[in-house]
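> So here's query.pdb, just PDB, C-alpha atoms:
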MODEL        1
ATOM      1  CA  MET A   1       5.348  37.516 -32.234
ATOM      2  CA  ALA A   2       4.948  34.197 -30.419
ATOM      3  CA  GLU A   3       2.633  34.222 -27.451
ATOM      4  CA  GLN A   4       4.498  34.618 -24.202
ATOM      5  CA  THR A   5       3.757  32.087 -21.418
ATOM      6  CA  ALA A   6       4.381  32.621 -17.744
ATOM      7  CA  PRO A   7       7.348  30.630 -16.417
ATOM      8  CA  PRO A   8       6.517  27.858 -13.943
ATOM      9  CA  VAL A   9       6.892  28.560 -10.260
ATOM     10  CA  ILE A  10      10.103  26.981  -9.016
ATOM     11  CA  ARG A  11      10.474  25.617  -5.492
ATOM     12  CA  ASP A  12      13.760  25.153  -3.636
ATOM     13  CA  GLY A  13      15.876  22.616  -5.474
ATOM     14  CA  GLY A  14      14.890  23.739  -8.972
ATOM     15  CA  THR A  15      11.775  21.557  -9.427
ATOM     16  CA  PRO A  16       8.576  23.215 -10.726
ATOM     17  CA  ALA A  17       5.960  23.532  -7.966
ATOM     18  CA  LYS A  18       2.652  21.707  -8.356
ATOM     19  CA  PRO A  19      -0.580  23.682  -7.812
ATOM     20  CA  ASP A  20      -2.571  22.662  -4.756
ATOM     21  CA  ALA A  21      -5.658  22.110  -6.916
ATOM     22  CA  ALA A  22      -3.813  19.500  -8.994
ATOM     23  CA  VAL A  23      -2.607  17.712  -5.876
ATOM     24  CA  VAL A  24      -6.115  17.694  -4.392
ATOM     25  CA  ARG A  25      -7.563  16.358  -7.643
ATOM     26  CA  ASP A  26      -5.074  13.482  -7.770
ATOM     27  CA  ALA A  27      -5.531  12.705  -4.078
ATOM     28  CA  LEU A  28      -9.321  12.690  -4.357
ATOM     29  CA  GLY A  29      -9.119  10.354  -7.339
ATOM     30  CA  VAL A  30      -7.094   7.811  -5.387
ATOM     31  CA  GLY A  31      -9.136   8.210  -2.204
ATOM     32  CA  VAL A  32     -12.501   7.761  -3.909
ATOM     33  CA  ALA A  33     -11.393   4.886  -6.150
ATOM     34  CA  VAL A  34      -9.909   2.861  -3.307
ATOM     35  CA  GLY A  35     -12.375   3.958  -0.637
ATOM     36  CA  LEU A  36     -15.295   2.440  -2.506
ATOM     37  CA  SER A  37     -13.696  -1.010  -2.254
ATOM     38  CA  GLY A  38     -14.456  -0.898   1.463
ATOM     39  CA  PHE A  39     -17.883  -2.198   0.436
ATOM     40  CA  ALA A  40     -16.212  -5.404  -0.763
ATOM     41  CA  PHE A  41     -14.436  -5.735   2.567
ATOM     42  CA  GLY A  42     -17.656  -5.268   4.519
ATOM     43  CA  VAL A  43     -19.387  -7.978   2.490
ATOM     44  CA  THR A  44     -16.413 -10.345   2.713
ATOM     45  CA  SER A  45     -15.989  -9.821   6.439
ATOM     46  CA  ALA A  46     -19.662 -10.465   7.137
ATOM     47  CA  GLY A  47     -19.514 -13.555   4.930
ATOM     48  CA  ALA A  48     -16.547 -14.806   6.960
ATOM     49  CA  GLY A  49     -18.677 -14.742  10.105
ATOM     50  CA  LEU A  50     -17.565 -11.482  11.715
ATOM     51  CA  SER A  51     -20.212  -9.362  13.342
ATOM     52  CA  LEU A  52     -21.124  -5.850  12.238
ATOM     53  CA  LEU A  53     -19.235  -4.396  15.205
ATOM     54  CA  GLN A  54     -16.123  -6.485  14.525
ATOM     55  CA  THR A  55     -16.157  -5.585  10.837
ATOM     56  CA  CYS A  56     -16.478  -1.860  11.469
ATOM     57  CA  ALA A  57     -13.867  -1.958  14.259
ATOM     58  CA  LEU A  58     -11.337  -3.483  11.852
ATOM     59  CA  SER A  59     -11.778  -0.634   9.386
ATOM     60  CA  LEU A  60     -11.789   2.059  12.073
ATOM     61  CA  LEU A  61      -8.812   0.800  14.071
ATOM     62  CA  VAL A  62      -6.703  -1.249  11.651
ATOM     63  CA  PHE A  63      -7.363   0.706   8.447
ATOM     64  CA  THR A  64      -5.018  -1.112   6.099
ATOM     65  CA  GLY A  65      -7.026  -2.828   3.399
ATOM     66  CA  ALA A  66      -4.669  -5.610   2.328
ATOM     67  CA  SER A  67      -4.174  -6.762   5.923
ATOM     68  CA  GLN A  68      -7.914  -6.636   6.594
ATOM     69  CA  PHE A  69      -8.668  -8.757   3.536
ATOM     70  CA  ALA A  70      -5.894 -11.186   4.490
ATOM     71  CA  LEU A  71      -7.348 -11.599   7.971
ATOM     72  CA  VAL A  72     -10.957 -12.223   6.976
ATOM     73  CA  GLY A  73      -9.885 -14.330   3.996
ATOM     74  CA  ALA A  74      -7.894 -16.649   6.232
ATOM     75  CA  LEU A  75     -10.770 -16.873   8.707
ATOM     76  CA  ALA A  76     -13.229 -17.619   5.917
ATOM     77  CA  ALA A  77     -10.967 -20.447   4.727
ATOM     78  CA  GLY A  78     -11.088 -22.009   8.192
ATOM     79  CA  GLY A  79      -7.677 -20.816   9.330
ATOM     80  CA  ASN A  80      -6.630 -20.501  12.944
ATOM     81  CA  PRO A  81      -7.419 -16.989  14.258
ATOM     82  CA  PHE A  82      -3.878 -16.559  15.585
ATOM     83  CA  THR A  83      -2.333 -17.609  12.263
ATOM     84  CA  ALA A  84      -4.713 -15.316  10.385
ATOM     85  CA  ALA A  85      -3.848 -12.419  12.687
ATOM     86  CA  ALA A  86      -0.116 -13.116  12.322
ATOM     87  CA  GLY A  87      -0.365 -13.047   8.540
ATOM     88  CA  ALA A  88      -2.292  -9.787   8.605
ATOM     89  CA  PHE A  89       0.190  -8.309  11.097
ATOM     90  CA  PHE A  90       3.269  -9.093   9.041
ATOM     91  CA  LEU A  91       1.576  -7.842   5.906
ATOM     92  CA  GLY A  92       0.843  -4.607   7.735
ATOM     93  CA  THR A  93       4.438  -4.094   8.889
ATOM     94  CA  ARG A  94       5.175  -2.541   5.503
ATOM     95  CA  ASN A  95       3.435   0.582   6.826
ATOM     96  CA  ALA A  96       6.201   0.983   9.405
ATOM     97  CA  PHE A  97       8.757   1.307   6.609
ATOM     98  CA  TYR A  98       6.480   3.756   4.812
ATOM     99  CA  GLY A  99       6.394   5.776   8.010
ATOM    100  CA  LEU A 100      10.182   6.051   8.152
ATOM    101  CA  ARG A 101      10.232   7.633   4.706
ATOM    102  CA  LEU A 102       7.184   9.834   5.213
ATOM    103  CA  SER A 103       8.433  11.172   8.540
ATOM    104  CA  GLN A 104      11.361  12.770   6.694
ATOM    105  CA  LEU A 105       9.301  13.905   3.736
ATOM    106  CA  LEU A 106       6.350  15.424   5.611
ATOM    107  CA  ALA A 107       8.224  16.614   8.727
ATOM    108  CA  LEU A 108       4.973  17.011  10.649
ATOM    109  CA  PRO A 109       4.827  18.541  14.149
ATOM    110  CA  LYS A 110       5.316  15.977  16.919
ATOM    111  CA  ALA A 111       1.801  16.526  18.273
ATOM    112  CA  VAL A 112       0.303  15.535  14.916
ATOM    113  CA  ARG A 113       2.449  12.475  14.167
ATOM    114  CA  PRO A 114       0.514   9.909  16.289
ATOM    115  CA  PHE A 115      -2.691  10.783  14.437
ATOM    116  CA  ALA A 116      -1.015  10.927  11.023
ATOM    117  CA  ALA A 117       0.544   7.499  11.621
ATOM    118  CA  HIS A 118      -2.913   5.934  11.397
ATOM    119  CA  TRP A 119      -3.132   7.127   7.791
ATOM    120  CA  VAL A 120       0.254   5.773   6.711
ATOM    121  CA  ILE A 121      -0.875   3.213   4.140
ATOM    122  CA  ASP A 122      -0.095   2.281   0.526
ATOM    123  CA  GLU A 123      -2.264   4.946  -1.067
ATOM    124  CA  THR A 124      -1.211   7.929   1.075
ATOM    125  CA  THR A 125       2.428   6.931   0.673
ATOM    126  CA  ALA A 126       2.140   6.628  -3.107
ATOM    127  CA  VAL A 127       0.451  10.023  -3.452
ATOM    128  CA  SER A 128       2.886  11.752  -1.079
ATOM    129  CA  LEU A 129       6.028  10.370  -2.719
ATOM    130  CA  ALA A 130       4.789  11.435  -6.145
ATOM    131  CA  GLN A 131       4.755  15.123  -5.167
ATOM    132  CA  PRO A 132       7.577  17.535  -6.036
ATOM    133  CA  SER A 133       7.563  19.537  -2.792
ATOM    134  CA  ARG A 134       6.946  19.104   0.920
ATOM    135  CA  ARG A 135       3.846  21.280   0.821
ATOM    136  CA  ALA A 136       2.369  19.240  -2.025
ATOM    137  CA  ALA A 137       3.236  16.027  -0.198
ATOM    138  CA  ARG A 138       1.456  17.231   2.930
ATOM    139  CA  VAL A 139      -1.628  18.246   0.955
ATOM    140  CA  GLY A 140      -1.664  14.936  -0.907
ATOM    141  CA  PHE A 141      -1.221  12.925   2.268
ATOM    142  CA  THR A 142      -3.975  14.769   4.132
ATOM    143  CA  VAL A 143      -6.557  14.739   1.344
ATOM    144  CA  THR A 144      -5.899  11.110   0.425
ATOM    145  CA  GLY A 145      -5.958   9.975   4.046
ATOM    146  CA  LEU A 146      -9.117  11.867   4.981
ATOM    147  CA  THR A 147     -11.042  10.879   1.840
ATOM    148  CA  LEU A 148     -10.024   7.254   2.029
ATOM    149  CA  TYR A 149     -10.629   6.899   5.773
ATOM    150  CA  VAL A 150     -14.142   8.338   5.587
ATOM    151  CA  LEU A 151     -15.191   6.447   2.465
ATOM    152  CA  TRP A 152     -13.589   3.169   3.519
ATOM    153  CA  ASN A 153     -15.434   3.143   6.834
ATOM    154  CA  VAL A 154     -18.767   4.245   5.362
ATOM    155  CA  THR A 155     -18.644   1.635   2.600
ATOM    156  CA  THR A 156     -17.487  -1.027   5.074
ATOM    157  CA  LEU A 157     -20.633  -0.375   7.088
ATOM    158  CA  LEU A 158     -22.821  -0.471   3.987
ATOM    159  CA  GLY A 159     -21.186  -3.677   2.781
ATOM    160  CA  ALA A 160     -21.655  -5.426   6.104
ATOM    161  CA  LEU A 161     -25.305  -4.335   6.286
ATOM    162  CA  GLY A 162     -25.982  -5.435   2.717
ATOM    163  CA  ALA A 163     -24.238  -8.810   2.982
ATOM    164  CA  GLU A 164     -27.475 -10.668   3.687
ATOM    165  CA  ALA A 165     -29.187  -9.102   0.677
ATOM    166  CA  LEU A 166     -26.415 -10.347  -1.606
ATOM    167  CA  GLY A 167     -26.842 -13.960  -0.538
ATOM    168  CA  ASP A 168     -23.761 -16.136  -1.093
ATOM    169  CA  THR A 169     -20.969 -13.544  -0.924
ATOM    170  CA  ALA A 170     -18.342 -15.981  -2.209
ATOM    171  CA  ALA A 171     -20.189 -16.261  -5.525
ATOM    172  CA  TRP A 172     -19.712 -12.543  -6.185
ATOM    173  CA  GLY A 173     -15.932 -12.722  -5.922
ATOM    174  CA  LEU A 174     -15.793  -9.470  -3.981
ATOM    175  CA  ASP A 175     -12.928 -10.762  -1.849
ATOM    176  CA  ALA A 176     -10.678 -10.174  -4.869
ATOM    177  CA  ALA A 177     -11.345  -6.434  -4.934
ATOM    178  CA  GLY A 178      -8.878  -5.560  -2.187
ATOM    179  CA  PRO A 179      -5.922  -7.528  -3.583
ATOM    180  CA  ALA A 180      -6.722  -6.246  -7.087
ATOM    181  CA  VAL A 181      -6.551  -2.623  -5.947
ATOM    182  CA  PHE A 182      -3.347  -3.330  -4.034
ATOM    183  CA  LEU A 183      -1.705  -4.901  -7.097
ATOM    184  CA  ALA A 184      -2.829  -2.027  -9.316
ATOM    185  CA  LEU A 185      -1.036   0.416  -7.018
ATOM    186  CA  LEU A 186       2.019  -1.790  -6.584
ATOM    187  CA  ALA A 187       2.677  -2.682 -10.223
ATOM    188  CA  PRO A 188       3.878   0.777 -11.388
ATOM    189  CA  MET A 189       6.363   0.863  -8.483
ATOM    190  CA  LEU A 190       8.184  -2.288  -9.638
ATOM    191  CA  LYS A 191      10.784  -0.573 -11.796
ATOM    192  CA  SER A 192      13.982  -2.582 -11.265
ATOM    193  CA  THR A 193      14.738  -6.189 -12.097
ATOM    194  CA  THR A 194      15.264  -6.964  -8.403
ATOM    195  CA  GLU A 195      11.847  -5.573  -7.456
ATOM    196  CA  ARG A 196      10.076  -7.456 -10.225
ATOM    197  CA  ALA A 197      11.882 -10.690  -9.355
ATOM    198  CA  THR A 198      10.936 -10.313  -5.688
ATOM    199  CA  ALA A 199       7.277  -9.741  -6.536
ATOM    200  CA  ALA A 200       7.191 -12.694  -8.938
ATOM    201  CA  LEU A 201       8.801 -15.047  -6.416
ATOM    202  CA  ALA A 202       6.420 -13.883  -3.672
ATOM    203  CA  VAL A 203       3.444 -14.662  -5.923
ATOM    204  CA  LEU A 204       4.847 -18.119  -6.737
ATOM    205  CA  LEU A 205       5.458 -18.894  -3.071
ATOM    206  CA  GLY A 206       2.042 -17.677  -1.991
ATOM    207  CA  LEU A 207       0.106 -19.530  -4.673
ATOM    208  CA  GLY A 208       2.290 -22.628  -4.647
ATOM    209  CA  LEU A 209       2.021 -23.140  -0.892
ATOM    210  CA  LEU A 210      -1.679 -22.310  -0.704
ATOM    211  CA  PRO A 211      -2.860 -25.944  -1.207
ATOM    212  CA  VAL A 212      -0.416 -27.451   1.303
ATOM    213  CA  LEU A 213      -0.243 -24.960   4.182
ATOM    214  CA  PRO A 214      -2.929 -23.717   6.589
ATOM    215  CA  ALA A 215      -4.765 -20.530   5.663
ATOM    216  CA  GLY A 216      -2.704 -17.445   6.448
ATOM    217  CA  VAL A 217       0.670 -19.207   6.447
ATOM    218  CA  PRO A 218       1.386 -18.798   2.688
ATOM    219  CA  VAL A 219       1.319 -15.019   3.189
ATOM    220  CA  LEU A 220       4.052 -15.357   5.799
ATOM    221  CA  ALA A 221       6.075 -17.683   3.582
ATOM    222  CA  ALA A 222       5.855 -15.246   0.664
ATOM    223  CA  ALA A 223       7.863 -12.752   2.723
ATOM    224  CA  LEU A 224      10.894 -15.020   2.202
ATOM    225  CA  ALA A 225      11.029 -13.828  -1.409
ATOM    226  CA  ALA A 226      12.847 -10.605  -0.482
ATOM    227  CA  PRO A 227      15.839 -12.148   1.350
ATOM    228  CA  ALA A 228      16.048 -14.928  -1.240
ATOM    229  CA  VAL A 229      16.295 -12.519  -4.172
ATOM    230  CA  LEU A 230      18.766 -10.292  -2.335
ATOM    231  CA  TRP A 231      20.928 -13.330  -1.521
ATOM    232  CA  PHE A 232      21.036 -14.461  -5.149
ATOM    233  CA  ARG A 233      21.705 -10.901  -6.280
ATOM    234  CA  GLY A 234      24.547 -10.643  -3.776
ATOM    235  CA  ARG A 235      26.093 -13.829  -5.107
ATOM    236  CA  GLY A 236      25.829 -12.508  -8.650
ATOM    237  CA  THR A 237      27.520  -9.265  -7.662
ATOM    238  CA  SER A 238      30.359 -11.025  -5.856
ATOM    239  CA  ALA A 239      30.870 -13.318  -8.843
ATOM    240  CA  ALA A 240      31.125 -10.430 -11.321
ATOM    241  CA  PRO A 241      34.333 -10.361 -13.415
ATOM    242  CA  ALA A 242      37.208  -8.307 -12.072
ATOM    243  CA  GLY A 243      37.129  -4.741 -13.307
ATOM    244  CA  THR A 244      33.350  -4.644 -13.648
ATOM    245  CA  ASP A 245      31.992  -1.312 -12.496
ATOM    246  CA  ARG A 246      29.487  -2.017  -9.718
ATOM    247  CA  ASP A 247      27.672   1.260 -10.390
ATOM    248  CA  THR A 248      27.157   0.136 -13.973
ATOM    249  CA  MET A 249      25.596  -3.119 -12.745
ATOM    250  CA  VAL A 250      23.218  -1.259 -10.472
ATOM    251  CA  GLU A 251      22.270   1.108 -13.287
ATOM    252  CA  GLU A 252      21.550  -1.795 -15.635
ATOM    253  CA  ASP A 253      19.511  -3.541 -12.957
ATOM    254  CA  SER A 254      17.246  -0.507 -12.558
ATOM    255  CA  ARG A 255      16.320  -0.430 -16.240
TER     256      ARG A 255
ENDMDL
END
Show me the file's structure as structure tokens.

Amino acid sequence: MAEQTAPPVIRDGGTPAKPDAAVVRDALGVGVAVGLSGFAFGVTSAGAGLSLLQTCALSLLVFTGASQFALVGALAAGGNPFTAAAGAFFLGTRNAFYGLRLSQLLALPKAVRPFAAHWVIDETTAVSLAQPSRRAARVGFTVTGLTLYVLWNVTTLLGALGAEALGDTAAWGLDAAGPAVFLALLAPMLKSTTERATAALAVLLGLGLLPVLPAGVPVLAAALAAPAVLWFRGRGTSAAPAGTDRDTMVEEDSR
């Protein structure tokens, strides 16, 4: 007789539940992998001329890696502090949209939300949205946020302290670590043609305008990719032949 296996635990909605241990393992993997890149930020920030206190304050209070790298990168390139801060700010506004989705998914108590908002970043959002249940999403969010926050700040401190020992920080290319991690997390999320086109156009705008615009401004200009792609997509939809099923077009676009 074939060996009998226990049926999976089913949560509300018919989706198999995910064991807490598996969620914690995945969350720790993301938190440790990304948290260690805080060392690169500490070195880059110190190389850009920020003090130890300023560098650590950015990681403690801002805590959104891509925006932090954008800020110190623009300052290192000689950009205006206000322009650099504006670029980092607009890059960080994506977390507000993450928060809208996570507030429904996690449904945390009101007293906890202000503290949880500080951990709403790319990595915690990605881990939370990948979970099959609210409980798993909460566990993933908490473990990822806690692990990443602690490691990011510790490695930021170590990176800033060790910047002098490394000598010329630009020669190490550590400023590329943050964007590389961000792209590695973003790439699997680009599933539709519209998303891929938006990302490609943003890259072209950012790199193409880099030699002609002040530091920090190309990041702002790259944000124009989203409305541009949506405008062209809207024109294509309106120009579709009569009788074309719009749902079919959307389905094909998502392939």
> Taking all atoms listed in the file into account, which of A:Pro19, A:Gly42, A:Pro218, A:Pro114 comes nearest Gly87 in chain A?
A:Pro218
> Tell me, as a ChimeraX atom specification, which residues lie within 7 Å of Thr124 in chain A, counting all atoms listed in the file; anything in the same chain fewer than 4 positions away does not count.
/A:120,128,141,144-145
> Report as a ChimeraX atom specification all protein, DNA and RNA residues lying within 6 Å of range 62-67 of chain A, evaluated on all atoms listed in the file, omitting residues in the same chain fewer than 3 positions from it.
/A:58-59,70,88,91-92
> For a quick check of understanding, using all atoms listed in the file, which of A:Pro227, A:Gly234, A:Gly35, A:Pro81 has the smallest distance to Glu123 in chain A?
A:Gly35
> Nearest residue to Val127 in chain A out of A:Leu148, A:Leu52, A:Asp26, A:Ala202, using all atoms listed in the file?
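Smallest distance to Val127 in chain A is found for A:Asp26.
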> What is the CA of Gly73 in chain A to CA of Ala221 in chain A distance in Å?
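That distance, rounded to one decimal, is 16.3 Å.
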> Counting all atoms listed in the file, which residue out of A:Val217, A:Ala137, A:Ala222, A:Ala57 sits closest to Arg101 in chain A?
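Ranked by minimum distance to Arg101 in chain A, first place goes to A:Ala137.
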> Could you state the separation of CA of Gly31 in chain A and CA of Ser51 in chain A in Å, given to one decimal place?
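Computing it gives 25.9 Å between the two atoms.
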> Which is closer to Ala17 in chain A than all the others in A:Ala160, A:Leu209, A:Ala136, A:Leu151, using all atoms listed in the file?
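With all atoms listed in the file as the atom set, the closest residue is A:Ala136.
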> What does the distance from CA of Arg138 in chain A to CA of Gly29 in chain A come to in Å, to one decimal?
16.3 Å
